[in-house]
Amino acid sequence: MRTVEMGIMRNSIQIKLYDIFRKDLHLPDERAQDLVQTIDEAVKGENEEKLDGVATKDFVKEEIHSTKEFVRERFHTLDLKIEQTKGDLTKAIYITNLIQFLTIVGSVIAIITFMRH
């Protein structure tokens, strides 16, 4: 909708410029038309230069998609690391409990042996 309004506004400005050049400045029709087109091209070129750094919808969509993929991969990697850490922690707890159990059994055997002598 906004593009249509801008197109209509641009056409009305072109017509006003054409009338000014033709009637007020007494230029021939062809010369007035050339001047209007030259001004229009200059303005379009200037606007295009200003828009060079502006992100387009497609660019933003691509960036969102790539960011989602990156985050998805990072979550997958994080899930794998959590599972690995969980397994390592379980193993460490099991080994610690086994060592504590063997220490207690050894202590009990040492106490019983000491009390028999």
# chains A, B, ... in the order shown; residues from 1 in each chain; ligands from 1
$ residues_around --residues "Ile20 in chain A" --least-positions-apart "6" --cutoff "12 Å" --atoms "only C-alpha atoms" --output "ChimeraX atom specification"
/A:13-14,26-29,32-33,35-36
$ atom_distance --atom1 "CA of Gln37 in chain A" --atom2 "CA of Leu17 in chain A"
10.0 Å
$ atom_distance --atom1 "CA of Glu62 in chain A" --atom2 "CA of Thr77 in chain A"
22.4 Å
$ atom_distance --atom1 "CA of Asp34 in chain A" --atom2 "CA of Ile15 in chain A"
12.5 Å
